[in-house]
Structures are given as C-alpha cells and as structure tokens.
Amino acid sequence: MRLILAIVVCKILRRIGKLVGKGSSLPGQYALKICPDVLGQVQLPKHIIAVTGSNGKTSTVEMIAAVLRADGREVVYNAEGSNQIEGVTTLILTHCTLSGKMRGDVLLLESDERYARHSFRYFHPTHFVITNLYRDQLTRNGHSEWVYDAILPAVHPETTLVLNADDPLVACFARDHGPEKVKWFGMEECSISTREHHGVYNDGARCPVCKGRMEYSCYHYAHIGHYRCTRCGHQRPKPDFAVTAVDFNNGTMIIDDHITINLAFRSVYNVYNILAAWSVCSLCGVGERVMADVISSYILKNGRMVRFTLGQHQGTLLTSKHENSVAYDTNLRYIRENEKPCTVVVIVDAISRKYFTGETSWLWDIDFEQLNVPHVQRVFLCGKYVNDLAVRFDFTSLPAEKLVCHESIREAAEELKAAGDENLYVVTCFSDRDKFLSQTQRQQ
Amino acid sequence: MNWTILHLYPELMSLYGEYANVAVLRRLLEDLGDTVTVKTATFEDTPDFAGVDLVYMGAGTERSQKAVLEDLPRYSAALKKAAAKTTLLLFTGNAMETLGASVTDAGGKVWPGLHLAEFTTVETDRRTPQDVIAASALWEAPAVGFMNKCSVTSGVEKPLFSALSMGFGNDAAGGSEGYAAGNILATHITGPSLVKNPEFLRYVAMRLYEKRGAQLPPLPEDLPWRIHAQRAYEVTYAELSARLGK
C-alpha cells in the first residue's frame, strides 16, 4: 500500500513540478518519506547502467542513451542530471506502473560520485561505469581518494564494473571484486600519447595502493596512461575494449583495431567518453555497426562547446568546470593544438553556481603555461577573481604584455568587440559563461 | 644572500597547489636580489639538512600523510636537530599534524609523529572543508584561505592563529588554529596560503632574515605579482567578510 501511495504521490508532485518549473528532487524526497525502501520494492529493468567519475559522466550517459535507443531499446535516464537518491527515486517512480513495475528496457543513471552509495542502497546497477577520478571540486569532494572511498560501498558484488584501465586509482576498484565481473576499457599508446608527464602536478607519481614510485610507459593526459608500481606491482590491466589509434588531424579514432569512429569533437576526453559508452553498450549486446554509426554521427548536445560571434571575431566557448584543473588543461591543450591566431579569455567570477567559496587554490593546478605559444596573441583575464588569475599568470612564462585584466566581463567583451578579427576562445565554467555569452551573438 | 629551501614530498604533499608557497617565497627573495636554491626530497631520498634555511611540507590525502609518517623516522633525528638550531619549518595542511605526538586515523590506528610538539590529532570520517578567516598576533592583516581536513588536533598550546572568525580551528569551530613555537610555523590552512596572504609571506621572509641576524629589506612595491596578490587578498577578504555579515 505504501508503495502505491509513494508512486502516486511522486507522479502527482512531478507533474505539478513540471507545470511550475520546479526541480525533480522533491517528489522523490516525499516518496522516500512515505516508503523509505521504495527503491527495493519496485521491479526494475533488466539492464541498470550507472556512470560515475570526476569527468565525462553527462556526455557518456547521453551517448549511451543514443546508442541504446538506436538499437531499439527503451531507455529511461536522468537527463536533468538529478543524480542523488531523491532525483533517482523521482525518475524511477514516475516511470513505474502502480503495481511497481518500471517501464523501459534500460535504466541509465548518471550518479554523483559522493552519493552513489545512498542511491544504490536498495538496488544495484548491473553495469557500473567509472570513468576517472581526479582533482575535481575539492572544496566539496576533499580529494580523489576520499571520493574513491565514498564510491566503494556502492559497488555490489553482482555488479559488472566497467573501469578505465588507464586510471590507476579507478583500477583499484577491481582489487576486491570478482575478476569475471570486471571489464576494462583503455587507450593503447597512440598519436596523442607522450613519454613525459605534462601538467603542473602528477597524481600518478605515486601508487594509490602502496604509495610506491610509479613508472609510466606513456601518458595520455594527466595521470591517465600506462602505469606500473615499482613496489607493489599495481599496473594497468589489459583492456577488453581499446582505442588503438587516434587521428585528431582527420578527426577519427579506431576501436579494437578495426572500427573507425568519426570524432565530432577532437578531444581526448571525447575519445574516452566514446570508449566508455562503447564498452558498456557492447556488454549490453549492441552490435558494433549500430554503435559505430550512432557515435560517428553523434553531436555533443550538452552545450559545453558554444560558438558565437563578437564584433569581427569568431568565438568558441569551451566550458571548463572551475575547481577542475584537468578540465581546464584539456581545453587549453585544445587551444594550443589549434594553431590559428587567437585570443584566449579566462573568466573566474563565481567559483560555483551552487555554493559559495572564495577558494582559488585550484588555479595553481592548471597548466596555463600551455598558452605560451605564438598563435595565442593575447590572454584576457576577467571576473571577480581577476587578480588571483593575474598572480597565477605572473608565475608562468607568458609575456606580461600579452595579458589584459578586466574585473568587468562586460568591459572585456566590449574591448574585444571593438577591434581585431582573430579567433576567440573563452575558457570558463557554467557558473560564469552566460555572463560572457550574453555580450555575444550565439550561433546555433 | 643565498637561501636553500627544502620541499618535502612535493609529489604527494601538494594536494591543493601548495607548491606555490615555495614558488612565491622564492620569487620574493629573488626580487630582493637574493639567490634561492630549492631542493626536494621524497621517499627514495635521504635529505641533507645542512645549510637548509626552510623546510616546507604541504597537504596530502590521509593515506599520503600516513605514508609520510611511516617514512619520517628515517631522518627525523636530523630534521629535529636542524629545527632546534636555525632551520625554519613551515608545514601546512595536514602536514602540520606530522609535527605532533601522534595521528590517530579513522580506523583507530595510532601513527607516531615527529613529536616536535605535544599536540595529537584524531581523524574522523567527516570532512570540514570551509573558507577561513584567521587572526594572528604575528602580523596585522587577518589571513584568508581554505581548510580541507577531517581531523581534530588537541593540545596545541601555542597556536599560529589566535582565533578564526570563519572556519574550524584545531579542535573547534572558530577556535585557535595552527602552531607556532620556536622555529616551527604550522597551519591546517591548505593551498598557496603564502600567495593568498602577502603579510604571511612577508612574515616568513622576515623570520628567515632574522635567522641570519639581518633585517628584511623593504619589499619592492611595484612588482606586478605583489600588486595582484595584494588585490586578490583584499577581494577574498571582502568576499569572506561579507559572508559573516561584516
């Protein structure tokens, strides 16, 4: 009876919420009050896929949904990003019959890494994709080992883990998990790999298991690569699904030596997101042809890359999460590798749109040195924390005459609009990007 | 003058950009016309403290801190000897906890510390990450920063900061924070606190000069990085103070 009441209340509140534009957490919150173990009582689809990690969750989930739907599966997923237990509850119950049977063939969840253990208390995913773990929102997350410890209780023995073999910390999830229940994805050494580590810090320098010295035969980015601990032997497992070649010049990647995928966005992140989606869809029985066709024609819809014009400038906004140096580094690498003359705009005005902090230590983890290339003609620094940015840049080798500081984002945009026709790249976070885009003409 | 800074475990114990504390101190001293050598030491090294003016260690994960606590006894006698003479120790983040008598982890295991101070630390399974405003008797402007810890440190008799108007102190919200005695300066404040707090940086440089029986020369006022750092401090202090309703 409580189950039915919880479902009814959830559906009604969700419908009202949609009418008045409210979020998706509240209905689930009420449902959980009525029936705390409601998620243990409902009948869920055959496949339950969860995706967590520091970066790439949303993109990977969207790609998985596109592939599975193209394969004829009915997919239910939290497109609104409500990835804590209340939002997950709302999602499930609004897709349930009154008898508690959930519609759909696949339940697909983007799962907040810190709250996964709460979401999966009453049910567990059949497949749990863990993309990567690194320095991300440390003001909330503490650090990546803390996040690892938070995810670990959410890992059920019957769940098939789909893990990034190239991330030494993610690989630790397999240590106490049945080997038959672990599938690995990874990138072989290819055109984007380097022998040397690049970046301000190296979280792969020491082993996550024993803190011994790690050796890498190659790096793909940050601490993601081919590693082996010189003390305990913790090493990159052989992937079940592998990217075997990447060609950013022609915009292609090859999976398992024979499947060519066209890349709409030529970034190492995108390569890993595709590979993660490929791996889990393959494990769910989707054929290679369907996956390759869908992913090759897939356009990222998450709005993280926005094109605009400002005066005579053609611009691209690359959304980089504040407090996430790897996201910044990846976008700076993209700018560095596009060798056309450009001006780069970096904006830090509000560190988060969800909470307040004045913490700017993360700026010191970003490899702004990447912008010290001839084709980057100027770097505009903007926003309330312009002086934190400026002092950070004072500790790079970028010539001071290339730097332009504006606390006001509007004034920076006006100065850019008034002169020049070089390309613009804007690097900032969701919390700040509309403050700049509102000064531009956005392209569809 | 010639200075030598020894940065301990820079790979593991620089979790929140703490390497910048060494970089900014070096820059300040070089802008004063001095020569600075920065050495590093990690697990495979045997640090030589001879001629070292300042030993620095920053924050790490709880597991990294334990690895350091296991490693420190290899050379703790030499480190203590140096600290007893003229070497200044600046330990920030949870590196501060290694200076005390012990750290008890969340599982109850007790890890002996350097015992350069009597305080003890107990870790919990909850973090208290928050912005900080901290007043010190050693310099005028309140320090700003961030703290990202999951521990309570008890028995500090000589704190670096007398009171926090924002943040969790050694053992209580708003309480005193850090440790300052003899040649040791320590705080749980994470990140590049010397960059964020120009007066803290000036104080550390002043202490180094004092060790040589000299006075810190007037600092050049027209250096862009110092101007930016001072403005950044003022903005952060204003932002944090506004949260307090000041």
# chains A, B, ... in the order shown; residues from 1 in each chain; ligands from 1

call {"tool": "interface_residues", "arguments": {"of": "chain B", "to": "chain A", "cutoff": "8 Å", "atoms": "only C-alpha atoms", "output": "number ranges by chain"}}
result
B: 11-12, 15-17, 20, 61, 64, 67, 127, 129-131, 145-146, 148-149, 191-192, 224-226, 228-229, 231-232, 235-236, 239-240

call {"tool": "residues_around", "arguments": {"residues": "Glu86 (chain A)", "least_positions_apart": "3", "cutoff": "8 Å", "atoms": "only C-alpha atoms", "output": "VMD selection string"}}
result
chain A and resid 24 to 29 32 82 89 to 90

call {"tool": "residues_around", "arguments": {"residues": "Gly58 (chain B)", "least_positions_apart": "2", "cutoff": "10 Å", "atoms": "only C-alpha atoms", "output": "ChimeraX atom specification"}}
result
/B:7-10,12-19,21-22,56,60,65,90-96,186-192

call {"tool": "atom_distance", "arguments": {"atom1": "CA of Thr37 (chain B)", "atom2": "CA of Thr87 (chain B)"}}
result
14.6 Å

call {"tool": "residues_around", "arguments": {"residues": "region 148-158 of chain A", "least_positions_apart": "5", "cutoff": "6 Å", "atoms": "only C-alpha atoms", "output": "list in words"}}
result
Glu113, Arg114, Ala116, Arg117 and Phe120 of chain A

call {"tool": "write_last_selection", "arguments": {"atoms": "N, CA and C atoms", "output": "compact mmCIF listing (two decimals), in the first residue's frame"}}
result
# COMPACT_ATOMS: atom_id res chain seq x y z
N GLU A 113 29.29 10.95 -7.65
CA GLU A 113 30.27 10.03 -7.07
C GLU A 113 30.23 10.00 -5.54
N ARG A 114 29.82 11.10 -4.94
CA ARG A 114 29.82 11.10 -3.47
C ARG A 114 28.56 10.46 -2.88
N ALA A 116 26.66 7.95 -4.52
CA ALA A 116 26.28 6.68 -5.18
C ALA A 116 25.86 5.63 -4.15
N ARG A 117 26.53 5.61 -3.01
CA ARG A 117 26.22 4.56 -2.02
C ARG A 117 24.80 4.71 -1.47
N PHE A 120 22.34 3.52 -4.33
CA PHE A 120 22.36 2.07 -4.60
C PHE A 120 22.23 1.24 -3.33

call {"tool": "select_by_dssp", "arguments": {"residues": "region 36-137 of chain B", "states": "helix (DSSP H, G or I)", "output": "PyMOL selection string"}}
result
chain B and resi 62-74+76-84+93-99

call {"tool": "select_by_dssp", "arguments": {"residues": "region 144-307 of chain A", "states": "strand (DSSP E or B)", "output": "JSON, numbers by chain"}}
result
{"A": [160, 161, 162, 163, 164, 182, 183, 184, 185, 186, 187, 194, 206, 213, 214, 215, 216, 217, 218, 219, 220, 221, 224, 225, 226, 227, 228, 229, 235, 241, 242, 243, 244, 245, 246, 247, 252, 253, 254, 255, 259, 260, 261, 262, 305, 306, 307]}

call {"tool": "residues_around", "arguments": {"residues": "Cys429 (chain A)", "least_positions_apart": "5", "cutoff": "8 Å", "atoms": "only C-alpha atoms", "output": "list of chain:residue names"}}
result
A:Thr319, A:Ser320, A:Lys321, A:His322, A:Ile347, A:Val348

call {"tool": "atom_distance", "arguments": {"atom1": "CA of Pro198 (chain B)", "atom2": "CA of Arg27 (chain B)"}}
result
12.5 Å

call {"tool": "atom_distance", "arguments": {"atom1": "CA of Ser76 (chain B)", "atom2": "CA of Ile5 (chain B)"}}
result
17.4 Å

call {"tool": "closest_residue", "arguments": {"among": "B:Leu89, B:Leu99, B:Met206, B:Leu244", "to": "Pro73 (chain B)", "atoms": "only C-alpha atoms"}}
result
B:Leu99

call {"tool": "residues_around", "arguments": {"residues": "Pro36 (chain A)", "least_positions_apart": "3", "cutoff": "10 Å", "atoms": "only C-alpha atoms", "output": "PyMOL selection string"}}
result
chain A and resi 2-3+6+29-33+39-41+122
